[in-house]
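With PDB, C-alpha atoms, pLDDT in the B column inside, this is my_file-v2.pdb:
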MODEL        1
ATOM      1  CA  MET J1146      12.229  -9.410  15.121  1.00 72.00           C
ATOM      2  CA  SER J1147       9.400 -11.518  16.530  1.00 88.00           C
ATOM      3  CA  LYS J1148       7.902 -14.541  14.806  1.00 94.00           C
ATOM      4  CA  ASP J1149       4.760 -12.509  14.165  1.00 93.00           C
ATOM      5  CA  HIS J1150       6.849  -9.819  12.452  1.00 91.00           C
ATOM      6  CA  GLU J1151       8.499 -12.459  10.269  1.00 90.00           C
ATOM      7  CA  ARG J1152       5.104 -13.933   9.417  1.00 94.00           C
ATOM      8  CA  MET J1153       3.704 -10.487   8.601  1.00 94.00           C
ATOM      9  CA  VAL J1154       6.375  -9.609   6.061  1.00 87.00           C
ATOM     10  CA  THR J1155       6.147 -13.050   4.397  1.00 90.00           C
ATOM     11  CA  GLY J1156       2.370 -12.947   3.807  1.00 92.00           C
ATOM     12  CA  GLN J1157       1.367 -15.431   6.514  1.00 95.00           C
ATOM     13  CA  LEU J1158      -1.221 -15.088   9.274  1.00 96.00           C
ATOM     14  CA  TYR J1159       0.168 -13.109  12.202  1.00 96.00           C
ATOM     15  CA  ASP J1160      -0.985 -11.448  15.409  1.00 95.00           C
ATOM     16  CA  ALA J1161      -0.843  -7.646  15.076  1.00 92.00           C
ATOM     17  CA  SER J1162      -0.899  -7.264  18.864  1.00 93.00           C
ATOM     18  CA  ALA J1163       2.657  -8.658  19.150  1.00 94.00           C
ATOM     19  CA  PRO J1164       4.597  -6.144  21.304  1.00 94.00           C
ATOM     20  CA  ASP J1165       7.212  -5.267  18.679  1.00 95.00           C
ATOM     21  CA  LEU J1166       4.528  -4.641  16.056  1.00 95.00           C
ATOM     22  CA  ALA J1167       2.492  -2.489  18.431  1.00 95.00           C
ATOM     23  CA  LEU J1168       5.622  -0.474  19.211  1.00 95.00           C
ATOM     24  CA  ALA J1169       6.449  -0.070  15.510  1.00 95.00           C
ATOM     25  CA  ARG J1170       2.952   1.265  14.788  1.00 96.00           C
ATOM     26  CA  LYS J1171       3.205   3.698  17.691  1.00 97.00           C
ATOM     27  CA  THR J1172       6.554   4.947  16.377  1.00 96.00           C
ATOM     28  CA  ALA J1173       4.996   5.498  12.951  1.00 96.00           C
ATOM     29  CA  GLN J1174       2.070   7.358  14.528  1.00 97.00           C
ATOM     30  CA  ARG J1175       4.438   9.731  16.323  1.00 97.00           C
ATOM     31  CA  ARG J1176       6.383  10.451  13.144  1.00 97.00           C
ATOM     32  CA  LEU J1177       3.214  10.975  11.114  1.00 97.00           C
ATOM     33  CA  PHE J1178       1.752  13.258  13.769  1.00 97.00           C
ATOM     34  CA  ALA J1179       4.881  15.407  13.572  1.00 97.00           C
ATOM     35  CA  TYR J1180       4.866  15.298   9.750  1.00 97.00           C
ATOM     36  CA  ASN J1181       1.215  16.268   9.511  1.00 97.00           C
ATOM     37  CA  GLN J1182       1.639  19.217  11.905  1.00 97.00           C
ATOM     38  CA  LEU J1183       4.525  20.866  10.056  1.00 96.00           C
ATOM     39  CA  ALA J1184       4.098  24.347   8.610  1.00 95.00           C
ATOM     40  CA  PRO J1185       3.959  24.474   4.786  1.00 91.00           C
ATOM     41  CA  GLU J1186       7.317  26.250   4.592  1.00 94.00           C
ATOM     42  CA  ALA J1187       9.147  23.598   6.691  1.00 95.00           C
ATOM     43  CA  THR J1188      10.441  21.901   3.547  1.00 93.00           C
ATOM     44  CA  ALA J1189      13.713  20.531   4.909  1.00 94.00           C
ATOM     45  CA  GLU J1190      12.145  19.220   8.109  1.00 95.00           C
ATOM     46  CA  ARG J1191       9.351  17.553   6.137  1.00 94.00           C
ATOM     47  CA  ALA J1192      11.836  15.857   3.813  1.00 94.00           C
ATOM     48  CA  ALA J1193      13.892  14.610   6.762  1.00 95.00           C
ATOM     49  CA  LEU J1194      10.851  13.122   8.482  1.00 95.00           C
ATOM     50  CA  LEU J1195       9.590  11.528   5.287  1.00 96.00           C
ATOM     51  CA  ALA J1196      12.977   9.869   4.801  1.00 96.00           C
ATOM     52  CA  THR J1197      12.435   8.014   8.098  1.00 96.00           C
ATOM     53  CA  MET J1198       9.169   6.524   6.787  1.00 96.00           C
ATOM     54  CA  VAL J1199       9.667   5.778   3.082  1.00 97.00           C
ATOM     55  CA  ASP J1200      12.529   4.360   1.053  1.00 96.00           C
ATOM     56  CA  CYS J1201      13.034   6.856  -1.776  1.00 96.00           C
ATOM     57  CA  PRO J1202      16.661   6.798  -3.032  1.00 95.00           C
ATOM     58  CA  SER J1203      16.116   9.888  -5.206  1.00 95.00           C
ATOM     59  CA  GLU J1204      14.888  11.827  -2.129  1.00 94.00           C
ATOM     60  CA  ASP J1205      12.364  13.772  -4.214  1.00 95.00           C
ATOM     61  CA  ALA J1206       9.050  12.245  -3.126  1.00 96.00           C
ATOM     62  CA  HIS J1207       6.364  14.757  -2.190  1.00 96.00           C
ATOM     63  CA  ILE J1208       3.477  13.638   0.019  1.00 97.00           C
ATOM     64  CA  GLU J1209       0.949  16.248   1.050  1.00 97.00           C
ATOM     65  CA  ALA J1210      -0.189  16.309   4.668  1.00 96.00           C
ATOM     66  CA  PRO J1211      -2.080  14.675   6.174  1.00 97.00           C
ATOM     67  CA  ALA J1212      -0.642  11.267   5.334  1.00 97.00           C
ATOM     68  CA  HIS J1213      -1.313   7.937   7.056  1.00 98.00           C
ATOM     69  CA  MET J1214       0.740   4.735   7.288  1.00 97.00           C
ATOM     70  CA  ASP J1215       0.742   1.593   9.425  1.00 96.00           C
ATOM     71  CA  TYR J1216       4.470   1.071   9.923  1.00 96.00           C
ATOM     72  CA  GLY J1217       6.338   3.487   7.648  1.00 94.00           C
ATOM     73  CA  VAL J1218       9.029   0.896   6.942  1.00 93.00           C
ATOM     74  CA  ASN J1219       7.658  -1.096   3.985  1.00 95.00           C
ATOM     75  CA  ILE J1220       7.166   1.668   1.398  1.00 97.00           C
ATOM     76  CA  HIS J1221       9.562   1.858  -1.570  1.00 97.00           C
ATOM     77  CA  ILE J1222       9.150   4.828  -3.918  1.00 98.00           C
ATOM     78  CA  GLY J1223      10.754   5.744  -7.231  1.00 97.00           C
ATOM     79  CA  ARG J1224      11.671   9.142  -8.618  1.00 98.00           C
ATOM     80  CA  ARG J1225       9.369  12.160  -8.710  1.00 97.00           C
ATOM     81  CA  PHE J1226       6.494  10.640  -6.732  1.00 98.00           C
ATOM     82  CA  TYR J1227       3.576  12.879  -5.767  1.00 98.00           C
ATOM     83  CA  ALA J1228       0.651  12.072  -3.457  1.00 98.00           C
ATOM     84  CA  ASN J1229      -2.137  14.538  -2.813  1.00 98.00           C
ATOM     85  CA  TYR J1230      -3.904  15.001   0.535  1.00 98.00           C
ATOM     86  CA  ASP J1231      -5.018  12.139   2.788  1.00 98.00           C
ATOM     87  CA  VAL J1232      -3.039   9.289   1.243  1.00 98.00           C
ATOM     88  CA  ILE J1233      -3.360   6.028   3.205  1.00 98.00           C
ATOM     89  CA  MET J1234      -0.627   3.401   2.855  1.00 98.00           C
ATOM     90  CA  LEU J1235      -1.191   0.347   5.032  1.00 97.00           C
ATOM     91  CA  ASP J1236       2.285  -1.113   4.675  1.00 97.00           C
ATOM     92  CA  VAL J1237       1.846  -4.421   6.490  1.00 96.00           C
ATOM     93  CA  ALA J1238       3.416  -5.938   3.368  1.00 96.00           C
ATOM     94  CA  PRO J1239       5.740  -4.123   0.947  1.00 96.00           C
ATOM     95  CA  ILE J1240       4.373  -1.292  -1.181  1.00 98.00           C
ATOM     96  CA  THR J1241       6.550  -0.685  -4.250  1.00 98.00           C
ATOM     97  CA  ILE J1242       5.920   2.371  -6.457  1.00 98.00           C
ATOM     98  CA  GLY J1243       7.758   3.181  -9.698  1.00 98.00           C
ATOM     99  CA  ASP J1244       8.966   6.464 -11.195  1.00 98.00           C
ATOM    100  CA  ASP J1245       6.755   9.454 -12.068  1.00 98.00           C
ATOM    101  CA  VAL J1246       3.682   8.187 -10.215  1.00 98.00           C
ATOM    102  CA  MET J1247       0.862  10.540  -9.195  1.00 98.00           C
ATOM    103  CA  PHE J1248      -1.904   9.994  -6.625  1.00 98.00           C
ATOM    104  CA  GLY J1249      -5.047  12.097  -6.363  1.00 98.00           C
ATOM    105  CA  PRO J1250      -6.477  12.950  -2.931  1.00 98.00           C
ATOM    106  CA  ARG J1251      -7.559  10.163  -0.580  1.00 98.00           C
ATOM    107  CA  VAL J1252      -5.892   7.306  -2.448  1.00 98.00           C
ATOM    108  CA  GLY J1253      -5.647   4.164  -0.317  1.00 98.00           C
ATOM    109  CA  LEU J1254      -3.135   1.340  -0.716  1.00 98.00           C
ATOM    110  CA  TYR J1255      -4.246  -1.507   1.529  1.00 98.00           C
ATOM    111  CA  THR J1256      -1.822  -4.421   1.797  1.00 98.00           C
ATOM    112  CA  ALA J1257      -3.585  -5.561   4.985  1.00 96.00           C
ATOM    113  CA  GLY J1258      -6.253  -8.262   4.907  1.00 96.00           C
ATOM    114  CA  HIS J1259      -8.385 -10.206   7.368  1.00 96.00           C
ATOM    115  CA  PRO J1260      -9.572 -13.838   7.231  1.00 95.00           C
ATOM    116  CA  LEU J1261     -13.027 -14.521   5.808  1.00 95.00           C
ATOM    117  CA  ASP J1262     -13.767 -16.867   8.705  1.00 96.00           C
ATOM    118  CA  ALA J1263     -15.270 -14.771  11.505  1.00 96.00           C
ATOM    119  CA  GLY J1264     -13.790 -16.921  14.266  1.00 94.00           C
ATOM    120  CA  VAL J1265     -10.218 -16.617  13.004  1.00 94.00           C
ATOM    121  CA  ARG J1266     -10.762 -12.910  12.333  1.00 93.00           C
ATOM    122  CA  THR J1267     -12.052 -12.183  15.838  1.00 93.00           C
ATOM    123  CA  ASP J1268      -9.088 -14.076  17.300  1.00 93.00           C
ATOM    124  CA  GLY J1269      -7.014 -11.159  16.016  1.00 91.00           C
ATOM    125  CA  LEU J1270      -5.118 -12.853  13.187  1.00 95.00           C
ATOM    126  CA  GLU J1271      -4.537 -11.006   9.919  1.00 96.00           C
ATOM    127  CA  TYR J1272      -2.267 -11.085   6.876  1.00 96.00           C
ATOM    128  CA  GLY J1273      -0.732  -8.836   4.250  1.00 96.00           C
ATOM    129  CA  HIS J1274       0.015  -9.144   0.521  1.00 97.00           C
ATOM    130  CA  PRO J1275       2.283  -6.699  -1.356  1.00 97.00           C
ATOM    131  CA  ILE J1276       1.122  -3.970  -3.744  1.00 98.00           C
ATOM    132  CA  THR J1277       3.240  -3.037  -6.765  1.00 98.00           C
ATOM    133  CA  ILE J1278       2.636   0.033  -8.952  1.00 98.00           C
ATOM    134  CA  GLY J1279       4.616   0.543 -12.160  1.00 98.00           C
ATOM    135  CA  ASN J1280       6.099   3.662 -13.721  1.00 98.00           C
ATOM    136  CA  ARG J1281       4.098   6.715 -14.845  1.00 98.00           C
ATOM    137  CA  VAL J1282       0.858   5.585 -13.190  1.00 98.00           C
ATOM    138  CA  TRP J1283      -1.876   8.050 -12.243  1.00 98.00           C
ATOM    139  CA  LEU J1284      -4.434   7.026  -9.608  1.00 98.00           C
ATOM    140  CA  GLY J1285      -7.413   9.395  -9.438  1.00 98.00           C
ATOM    141  CA  GLY J1286      -8.963  10.669  -6.232  1.00 98.00           C
ATOM    142  CA  SER J1287     -10.288   8.108  -3.730  1.00 98.00           C
ATOM    143  CA  VAL J1288      -8.917   5.108  -5.641  1.00 98.00           C
ATOM    144  CA  THR J1289      -8.539   2.037  -3.415  1.00 98.00           C
ATOM    145  CA  VAL J1290      -5.929  -0.627  -4.214  1.00 98.00           C
ATOM    146  CA  CYS J1291      -6.476  -3.983  -2.479  1.00 98.00           C
ATOM    147  CA  PRO J1292      -3.908  -6.494  -1.152  1.00 97.00           C
ATOM    148  CA  GLY J1293      -1.772  -8.347  -3.672  1.00 97.00           C
ATOM    149  CA  VAL J1294      -2.512  -6.082  -6.658  1.00 98.00           C
ATOM    150  CA  THR J1295       0.032  -5.163  -9.361  1.00 98.00           C
ATOM    151  CA  ILE J1296      -0.650  -2.176 -11.646  1.00 98.00           C
ATOM    152  CA  GLY J1297       1.350  -1.979 -14.879  1.00 98.00           C
ATOM    153  CA  ASP J1298       3.220   0.971 -16.385  1.00 98.00           C
ATOM    154  CA  ASN J1299       1.365   4.058 -17.683  1.00 98.00           C
ATOM    155  CA  VAL J1300      -2.008   3.021 -16.257  1.00 98.00           C
ATOM    156  CA  VAL J1301      -4.642   5.652 -15.440  1.00 98.00           C
ATOM    157  CA  VAL J1302      -7.259   4.621 -12.845  1.00 98.00           C
ATOM    158  CA  GLY J1303     -10.454   6.689 -12.631  1.00 98.00           C
ATOM    159  CA  ALA J1304     -11.533   8.412  -9.433  1.00 98.00           C
ATOM    160  CA  GLY J1305     -13.407   6.277  -6.929  1.00 98.00           C
ATOM    161  CA  SER J1306     -12.325   2.954  -8.425  1.00 98.00           C
ATOM    162  CA  VAL J1307     -11.554  -0.121  -6.334  1.00 98.00           C
ATOM    163  CA  VAL J1308      -8.687  -2.151  -7.784  1.00 98.00           C
ATOM    164  CA  THR J1309      -9.111  -5.761  -6.682  1.00 98.00           C
ATOM    165  CA  LYS J1310      -7.108  -7.492  -9.442  1.00 98.00           C
ATOM    166  CA  ASP J1311      -3.962  -6.806 -11.455  1.00 98.00           C
ATOM    167  CA  LEU J1312      -4.171  -4.218 -14.241  1.00 98.00           C
ATOM    168  CA  PRO J1313      -2.034  -4.580 -17.384  1.00 98.00           C
ATOM    169  CA  ALA J1314       0.184  -1.770 -18.654  1.00 98.00           C
ATOM    170  CA  ASN J1315      -1.062   1.010 -20.934  1.00 98.00           C
ATOM    171  CA  VAL J1316      -4.778   1.038 -20.112  1.00 98.00           C
ATOM    172  CA  VAL J1317      -7.386   3.376 -18.681  1.00 98.00           C
ATOM    173  CA  ALA J1318      -9.271   1.515 -15.944  1.00 98.00           C
ATOM    174  CA  ALA J1319     -12.230   2.412 -13.744  1.00 98.00           C
ATOM    175  CA  GLY J1320     -15.110   0.962 -11.781  1.00 98.00           C
ATOM    176  CA  VAL J1321     -15.939  -1.108  -8.735  1.00 98.00           C
ATOM    177  CA  PRO J1322     -14.192  -3.426  -9.198  1.00 98.00           C
ATOM    178  CA  ALA J1323     -11.838  -1.633 -11.586  1.00 98.00           C
ATOM    179  CA  ARG J1324     -11.555  -3.041 -15.105  1.00 98.00           C
ATOM    180  CA  PRO J1325      -9.674  -1.847 -18.169  1.00 98.00           C
ATOM    181  CA  ILE J1326     -11.949   0.432 -20.201  1.00 97.00           C
ATOM    182  CA  ARG J1327      -9.685   0.933 -23.191  1.00 97.00           C
ATOM    183  CA  PRO J1328      -6.012   0.881 -24.144  1.00 97.00           C
ATOM    184  CA  LEU J1329      -3.873   3.975 -24.236  1.00 97.00           C
ATOM    185  CA  THR J1330      -3.019   4.515 -27.916  1.00 95.00           C
ATOM    186  CA  ASP J1331      -0.906   6.604 -30.271  1.00 95.00           C
ATOM    187  CA  ALA J1332      -3.965   8.810 -30.741  1.00 96.00           C
ATOM    188  CA  ASP J1333      -3.786   9.747 -27.055  1.00 96.00           C
ATOM    189  CA  THR J1334      -0.122  10.604 -27.430  1.00 95.00           C
ATOM    190  CA  ARG J1335      -0.731  12.736 -30.541  1.00 96.00           C
ATOM    191  CA  TYR J1336      -3.603  14.622 -28.926  1.00 96.00           C
ATOM    192  CA  TRP J1337      -1.801  15.457 -25.713  1.00 95.00           C
ATOM    193  CA  ARG J1338       1.503  16.290 -27.406  1.00 95.00           C
ATOM    194  CA  ALA J1339      -0.402  18.715 -29.657  1.00 95.00           C
ATOM    195  CA  GLU J1340      -2.010  20.276 -26.582  1.00 95.00           C
ATOM    196  CA  GLN J1341       1.417  20.564 -24.975  1.00 95.00           C
ATOM    197  CA  ALA J1342       2.872  22.195 -28.106  1.00 94.00           C
ATOM    198  CA  ALA J1343       0.016  24.735 -28.192  1.00 93.00           C
ATOM    199  CA  TYR J1344       0.614  25.564 -24.546  1.00 93.00           C
ATOM    200  CA  GLU J1345       4.344  26.002 -25.067  1.00 93.00           C
ATOM    201  CA  GLN J1346       3.785  28.176 -28.153  1.00 89.00           C
ATOM    202  CA  GLU J1347       1.461  30.451 -26.208  1.00 85.00           C
ATOM    203  CA  GLU J1348       3.960  30.693 -23.343  1.00 80.00           C
ATOM    204  CA  ASN J1349       6.690  31.759 -25.789  1.00 83.00           C
ATOM    205  CA  GLU J1350       4.639  34.472 -27.503  1.00 76.00           C
TER     206      GLU J1350
ENDMDL
END
Target encoding structure tokens, full file:
Amino acid sequence: MSKDHERMVTGQLYDASAPDLALARKTAQRRLFAYNQLAPEATAERAALLATMVDCPSEDAHIEAPAHMDYGVNIHIGRRFYANYDVIMLDVAPITIGDDVMFGPRVGLYTAGHPLDAGVRTDGLEYGHPITIGNRVWLGGSVTVCPGVTIGDNVVVGAGSVVTKDLPANVVAAGVPARPIRPLTDADTRYWRAEQAAYEQEENE
């Protein structure tokens, strides 16, 4: 592991052109190319390839193709994860996702950042800050999550939102930048449980 690799995973400035990092990205690109070209029925092969790119102990993550990652080594996923088409996970720093999380299409998790100073930026230095997503979170289509953000349990983020700061648990959030709109309440639970009961009753008739 090079010094730049060590600096990358500890949130410090690093040079992404370091040979070992360039090689790691190329390896991820090859794996993702193979993953994204698989036939829909190649379930076992898809699962085996995904296991080389994400840490999912329950082995039940489902990520629709095409998917995109920087390194495919810094992504930690809980049980029953689902990501729709065109997910982007820039895993310069760790991405940690809880159980029962759902992503709409074109969700982007961007741990990578670049210095505000143009001179430092053009010298090729960058950094990464981790992203953490709690349990039972739903990110709508085209949601962007920025470096260093933590999203609490049960949060729903509206389509097209840009999450620049932490979101507390049990809220609906939306906007650019995303802000909590309202809490999730017992009224939400009652409404949706009633809808579920009506569905199940109709299925049993």
What's the separation between CA of Ala1342 (chain J) and CA of Asn1315 (chain J), in Å to one decimal place?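 According to the coordinates, CA of Ala1342 (chain J) and CA of Asn1315 (chain J) are separated by 22.7 Å.
Note that CA of Lys1171 (chain J) and CA of Glu1204 (chain J) are 24.4 Å apart.
Atom pair CA of Val1282 (chain J) / CA of Gly1249 (chain J): separated by 11.1 Å.
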Contact residues around region 1206-1209 of chain J with all atoms listed in the file at 10 Å, ignoring same-chain residues under 2 positions, as number ranges by chain: J: 1180-1181, 1185, 1191-1192, 1195-1196, 1199-1204, 1211-1212, 1222-1232, 1244-1248, 1250
Name the residues that the PyMOL selection byres ((chain J and resi 1273) around 6) picks from the file above, as a list in words, using the file's chain letters and numbers. Gly1156, Val1237, Ala1238, Thr1256, Ala1257, Gly1258, Tyr1272 and His1274 of chain J
Please return as a list in words every residue within 10 Å of (6.7, -0.3, -4.1), taking into account all atoms listed in the file and the file's own coordinates. Val1199, Asp1200, Cys1201, Asn1219, Ile1220, His1221, Ile1222, Gly1223, Asp1236, Ala1238, Pro1239, Ile1240, Thr1241, Ile1242, Gly1243, Pro1275, Ile1276, Thr1277, Ile1278, Gly1279 and Thr1295 of chain J
Next, the residues of the selection above should be written as a CSV table (one decimal), keeping the file's coordinate frame with C-alpha atoms.
chain,number,residue,atom,x,y,z
J,1199,VAL,CA,9.7,5.8,3.1
J,1200,ASP,CA,12.5,4.4,1.1
J,1201,CYS,CA,13.0,6.9,-1.8
J,1219,ASN,CA,7.7,-1.1,4.0
J,1220,ILE,CA,7.2,1.7,1.4
J,1221,HIS,CA,9.6,1.9,-1.6
J,1222,ILE,CA,9.2,4.8,-3.9
J,1223,GLY,CA,10.8,5.7,-7.2
J,1236,ASP,CA,2.3,-1.1,4.7
J,1238,ALA,CA,3.4,-5.9,3.4
J,1239,PRO,CA,5.7,-4.1,0.9
J,1240,ILE,CA,4.4,-1.3,-1.2
J,1241,THR,CA,6.6,-0.7,-4.2
J,1242,ILE,CA,5.9,2.4,-6.5
J,1243,GLY,CA,7.8,3.2,-9.7
J,1275,PRO,CA,2.3,-6.7,-1.4
J,1276,ILE,CA,1.1,-4.0,-3.7
J,1277,THR,CA,3.2,-3.0,-6.8
J,1278,ILE,CA,2.6,0.0,-9.0
J,1279,GLY,CA,4.6,0.5,-12.2
J,1295,THR,CA,0.0,-5.2,-9.4
Using the chain letters and numbers from the file, give me the residues hit by the PyMOL selection byres ((chain J and resi 1317) around 10), as a ChimeraX atom specification. /J:1283,1299-1303,1312-1316,1318-1319,1323-1329
Find the residues around Met1198 (chain J) up to 9 Å (only C-alpha atoms counted), leave out those fewer than 3 positions away in its own chain, and share them as a ChimeraX atom specification. /J:1173,1176-1177,1194-1195,1214,1216-1220
Write out as a ChimeraX atom specification the residues lying within 12 Å of Gly1305 (chain J), counting all atoms listed in the file and excluding same-chain residues fewer than 3 positions away. /J:1249-1253,1284-1290,1302,1308,1318-1323
Add whatever atoms are absent from region 1181-1211 of chain J to reach N, CA and C atoms, and provide the output as a compact mmCIF listing (two decimals), in the frame of the given file.
# COMPACT_ATOMS: atom_id res chain seq x y z
N ASN J 1181 2.48 15.64 9.88
CA ASN J 1181 1.22 16.27 9.51
C ASN J 1181 1.00 17.62 10.17
N GLN J 1182 1.78 17.94 11.22
CA GLN J 1182 1.64 19.22 11.90
C GLN J 1182 2.61 20.28 11.40
N LEU J 1183 3.51 19.91 10.50
CA LEU J 1183 4.53 20.87 10.06
C LEU J 1183 3.92 22.01 9.25
N ALA J 1184 4.51 23.19 9.41
CA ALA J 1184 4.10 24.35 8.61
C ALA J 1184 4.45 24.12 7.14
N PRO J 1185 3.70 24.69 6.22
CA PRO J 1185 3.96 24.47 4.79
C PRO J 1185 5.37 24.82 4.36
N GLU J 1186 5.98 25.82 5.00
CA GLU J 1186 7.32 26.25 4.59
C GLU J 1186 8.44 25.41 5.20
N ALA J 1187 8.12 24.42 6.03
CA ALA J 1187 9.15 23.60 6.69
C ALA J 1187 9.60 22.48 5.76
N THR J 1188 10.12 22.87 4.61
CA THR J 1188 10.44 21.90 3.55
C THR J 1188 11.52 20.91 3.97
N ALA J 1189 12.60 21.41 4.54
CA ALA J 1189 13.71 20.53 4.91
C ALA J 1189 13.31 19.57 6.02
N GLU J 1190 12.57 20.07 7.00
CA GLU J 1190 12.14 19.22 8.11
C GLU J 1190 11.18 18.15 7.62
N ARG J 1191 10.29 18.52 6.70
CA ARG J 1191 9.35 17.55 6.14
C ARG J 1191 10.10 16.45 5.38
N ALA J 1192 11.07 16.84 4.58
CA ALA J 1192 11.84 15.86 3.81
C ALA J 1192 12.59 14.91 4.74
N ALA J 1193 13.15 15.45 5.82
CA ALA J 1193 13.89 14.61 6.76
C ALA J 1193 12.98 13.61 7.45
N LEU J 1194 11.80 14.04 7.85
CA LEU J 1194 10.85 13.12 8.48
C LEU J 1194 10.36 12.06 7.50
N LEU J 1195 10.07 12.48 6.28
CA LEU J 1195 9.59 11.53 5.29
C LEU J 1195 10.63 10.45 5.01
N ALA J 1196 11.89 10.83 5.05
CA ALA J 1196 12.98 9.87 4.80
C ALA J 1196 13.04 8.79 5.87
N THR J 1197 12.47 9.03 7.05
CA THR J 1197 12.44 8.01 8.10
C THR J 1197 11.28 7.04 7.90
N MET J 1198 10.37 7.34 6.95
CA MET J 1198 9.17 6.52 6.79
C MET J 1198 9.06 5.86 5.42
N VAL J 1199 9.72 6.39 4.42
CA VAL J 1199 9.67 5.78 3.08
C VAL J 1199 11.08 5.63 2.54
N ASP J 1200 11.26 4.59 1.74
CA ASP J 1200 12.53 4.36 1.05
C ASP J 1200 12.43 4.98 -0.33
N CYS J 1201 13.05 6.15 -0.49
CA CYS J 1201 13.03 6.86 -1.78
C CYS J 1201 14.46 7.31 -2.07
N PRO J 1202 15.24 6.47 -2.79
CA PRO J 1202 16.66 6.80 -3.03
C PRO J 1202 16.88 8.15 -3.69
N SER J 1203 15.94 8.60 -4.53
CA SER J 1203 16.12 9.89 -5.21
C SER J 1203 15.80 11.07 -4.29
N GLU J 1204 15.18 10.81 -3.14
CA GLU J 1204 14.89 11.83 -2.13
C GLU J 1204 14.04 12.98 -2.67
N ASP J 1205 13.18 12.70 -3.65
CA ASP J 1205 12.36 13.77 -4.21
C ASP J 1205 10.87 13.47 -4.15
N ALA J 1206 10.47 12.52 -3.31
CA ALA J 1206 9.05 12.24 -3.13
C ALA J 1206 8.38 13.42 -2.44
N HIS J 1207 7.14 13.70 -2.84
CA HIS J 1207 6.36 14.76 -2.19
C HIS J 1207 5.02 14.18 -1.80
N ILE J 1208 4.74 14.16 -0.50
CA ILE J 1208 3.48 13.64 0.02
C ILE J 1208 2.82 14.74 0.83
N GLU J 1209 1.66 15.19 0.35
CA GLU J 1209 0.95 16.25 1.05
C GLU J 1209 0.44 15.74 2.40
N ALA J 1210 0.41 16.63 3.38
CA ALA J 1210 -0.19 16.31 4.67
C ALA J 1210 -1.70 16.58 4.61
N PRO J 1211 -2.50 15.77 5.32
CA PRO J 1211 -2.08 14.68 6.17
C PRO J 1211 -1.84 13.38 5.39
